[in-house]
Amino acid sequence: MRIPRFYLPGEYQPQQVISLHKEQVHYALNVLRLKNQHPVEIFNGQGLQASATLIVTGRRSADLCIETLSQPQNESPLHSILVQSISRGDRMDYSLQKSVELGVTQIQPIFSERCEVKLSGDKLKKRRDQWQAIVISACEQSGRCTVPEILPIQPYADWLSSLPQPVFGLVLDPYASNTLQTLQPPKTNRPVHLLIGPEGGLSTAEVEQAVNQGLTPIKLGPRILRTETAGPAILAGLQTLWGDW
């Protein structure tokens, strides 16, 4: 049976007792229906994992007693940054969730020309926090112990101007001539920036700007992928070529 996993940041020590948060208690006792002394795993988001035992202390409270520590080596050697144009509804959620399962290192949300989502102020922060929660949940499910960061949301032009030089990056363009099979891996362990457009795609001007900044335009076969499919698809391809698949 699969052992339930919970994200609890901090340092761990054997025999340490840690209290679960209210939402985690509800999930453990009411959703998973775990009983007292059930084995669980926790991770701190920085690579550390611990085997622990659930201690039910009340109807709405529970602790974990840490037993052994480990540092699973299951992070991809591919340093990938998904630069995802913000999409509507659960499309963005799907893209983030699957990208985490596929080993993405960081996620950079951006506002591009054809984005239909308008966010500012508190709504911007709330949405970023929601995305980070989706990322944590995907780590719990997939066995990752390092939590990818949702970077601060930026306008497209600001992100593009902040790129280091030289940069190694790919911009998805259904009209490009390059494919994954024609690419050469980066000569150093530089991060790979993966630029994905929103529902309407990136504009011609945006693709040209990305190319001028050093990104390589590529297409993923003869079919046009939806925005929520494109990021996971290119990550899967790169994991096969240069990662740990």
# chains A, B, ... in the order shown; residues from 1 in each chain; ligands from 1

$ residues_around --residues "stretch 193-202 of chain A" --least-positions-apart "6" --cutoff "10 Å" --atoms "only C-alpha atoms" --output "ChimeraX atom specification"
/A:79-88,91-92,106-117,163,167-174,208,210,215-217,224-231,234-235

$ select_by_dssp --residues "stretch 72-195 of chain A" --states "strand (DSSP E)" --output "PyMOL selection string"
chain A and resi 80-85+106-111+149-150+154-155+168-172+192-195

$ select_by_dssp --residues "stretch 18-207 of chain A" --states "alpha helix (DSSP H)" --output "number ranges by chain"
A: 22-26, 90-101, 121-142, 156-161, 204-207

$ residues_around --residues "A:Gln16" --least-positions-apart "3" --cutoff "8 Å" --atoms "only C-alpha atoms" --output "PyMOL selection string"
chain A and resi 12-13+65-67

$ residues_around --residues "A:Asn30" --least-positions-apart "5" --cutoff "12 Å" --atoms "only C-alpha atoms" --output "PyMOL selection string"
chain A and resi 22-25+35+59-62

$ closest_atom_pairs --of "stretch 211-239 of chain A" --to "stretch 180-187 of chain A" --cutoff "9 Å" --atoms "only C-alpha atoms" --output "Markdown table"
| residue | atom | partner | partner_atom | distance |
| --- | --- | --- | --- | --- |
| A:Ile218 | CA | A:Leu180 | CA | 7.1 |
| A:Lys219 | CA | A:Leu180 | CA | 7.8 |
| A:Leu220 | CA | A:Leu180 | CA | 7.3 |
| A:Ile234 | CA | A:Leu180 | CA | 8.4 |
| A:Gly237 | CA | A:Leu180 | CA | 7.3 |
| A:Leu238 | CA | A:Leu180 | CA | 7.8 |

$ write_last_selection --atoms "N, CA, C and O atoms" --output "mmCIF file, in the first residue's frame"
data_model
loop_
_atom_site.group_PDB
_atom_site.id
_atom_site.type_symbol
_atom_site.label_atom_id
_atom_site.label_comp_id
_atom_site.auth_asym_id
_atom_site.auth_seq_id
_atom_site.Cartn_x
_atom_site.Cartn_y
_atom_site.Cartn_z
ATOM 1 N N ILE A 218 11.212 26.069 -31.548
ATOM 2 C CA ILE A 218 11.043 24.671 -31.934
ATOM 3 C C ILE A 218 9.547 24.359 -32.027
ATOM 4 O O ILE A 218 8.715 25.033 -31.428
ATOM 5 N N LYS A 219 9.245 23.312 -32.774
ATOM 6 C CA LYS A 219 7.872 22.815 -32.819
ATOM 7 C C LYS A 219 7.860 21.375 -32.310
ATOM 8 O O LYS A 219 8.854 20.646 -32.421
ATOM 9 N N LEU A 220 6.736 20.980 -31.763
ATOM 10 C CA LEU A 220 6.575 19.615 -31.257
ATOM 11 C C LEU A 220 5.687 18.841 -32.231
ATOM 12 O O LEU A 220 4.488 18.668 -32.008
ATOM 13 N N ILE A 234 6.951 19.030 -23.725
ATOM 14 C CA ILE A 234 8.361 19.331 -23.991
ATOM 15 C C ILE A 234 9.252 18.873 -22.834
ATOM 16 O O ILE A 234 10.378 18.415 -23.032
ATOM 17 N N GLY A 237 9.877 15.240 -23.358
ATOM 18 C CA GLY A 237 10.867 15.031 -24.407
ATOM 19 C C GLY A 237 12.278 15.302 -23.935
ATOM 20 O O GLY A 237 13.219 14.539 -24.227
ATOM 21 N N LEU A 238 12.462 16.385 -23.181
ATOM 22 C CA LEU A 238 13.797 16.732 -22.705
ATOM 23 C C LEU A 238 14.285 15.772 -21.631
ATOM 24 O O LEU A 238 15.491 15.498 -21.534
#

$ decode --residues "stretch 158-191 of chain A" --atoms "C-alpha atoms" --output "tab-separated table (two decimals), in the first residue's frame"
chain	number	residue	atom	x	y	z
A	158	ASP	CA	10.25	42.24	-18.04
A	159	TRP	CA	11.00	38.52	-17.95
A	160	LEU	CA	12.70	38.64	-21.32
A	161	SER	CA	14.94	41.56	-20.35
A	162	SER	CA	15.94	39.81	-17.10
A	163	LEU	CA	17.35	36.72	-18.82
A	164	PRO	CA	21.05	36.04	-18.24
A	165	GLN	CA	23.34	36.10	-21.22
A	166	PRO	CA	24.17	33.78	-22.79
A	167	VAL	CA	20.87	32.00	-22.27
A	168	PHE	CA	19.83	28.49	-23.23
A	169	GLY	CA	16.12	28.41	-23.91
A	170	LEU	CA	13.40	27.15	-26.21
A	171	VAL	CA	10.29	28.93	-27.41
A	172	LEU	CA	7.46	26.79	-28.72
A	173	ASP	CA	6.41	27.89	-32.20
A	174	PRO	CA	4.26	25.62	-34.43
A	175	TYR	CA	5.85	27.24	-37.51
A	176	ALA	CA	9.48	26.64	-36.49
A	177	SER	CA	11.75	24.32	-38.45
A	178	ASN	CA	13.67	22.99	-35.44
A	179	THR	CA	12.48	19.94	-33.50
A	180	LEU	CA	13.74	18.26	-30.34
A	181	GLN	CA	15.68	15.81	-32.51
A	182	THR	CA	17.73	18.62	-34.05
A	183	LEU	CA	18.71	20.23	-30.74
A	184	GLN	CA	22.10	19.98	-29.09
A	185	PRO	CA	22.24	19.83	-25.27
A	186	PRO	CA	23.67	22.80	-23.36
A	187	LYS	CA	27.45	22.60	-23.02
A	188	THR	CA	27.30	23.53	-19.35
A	189	ASN	CA	24.78	22.83	-16.60
A	190	ARG	CA	22.85	25.99	-17.40
A	191	PRO	CA	19.09	26.05	-16.84
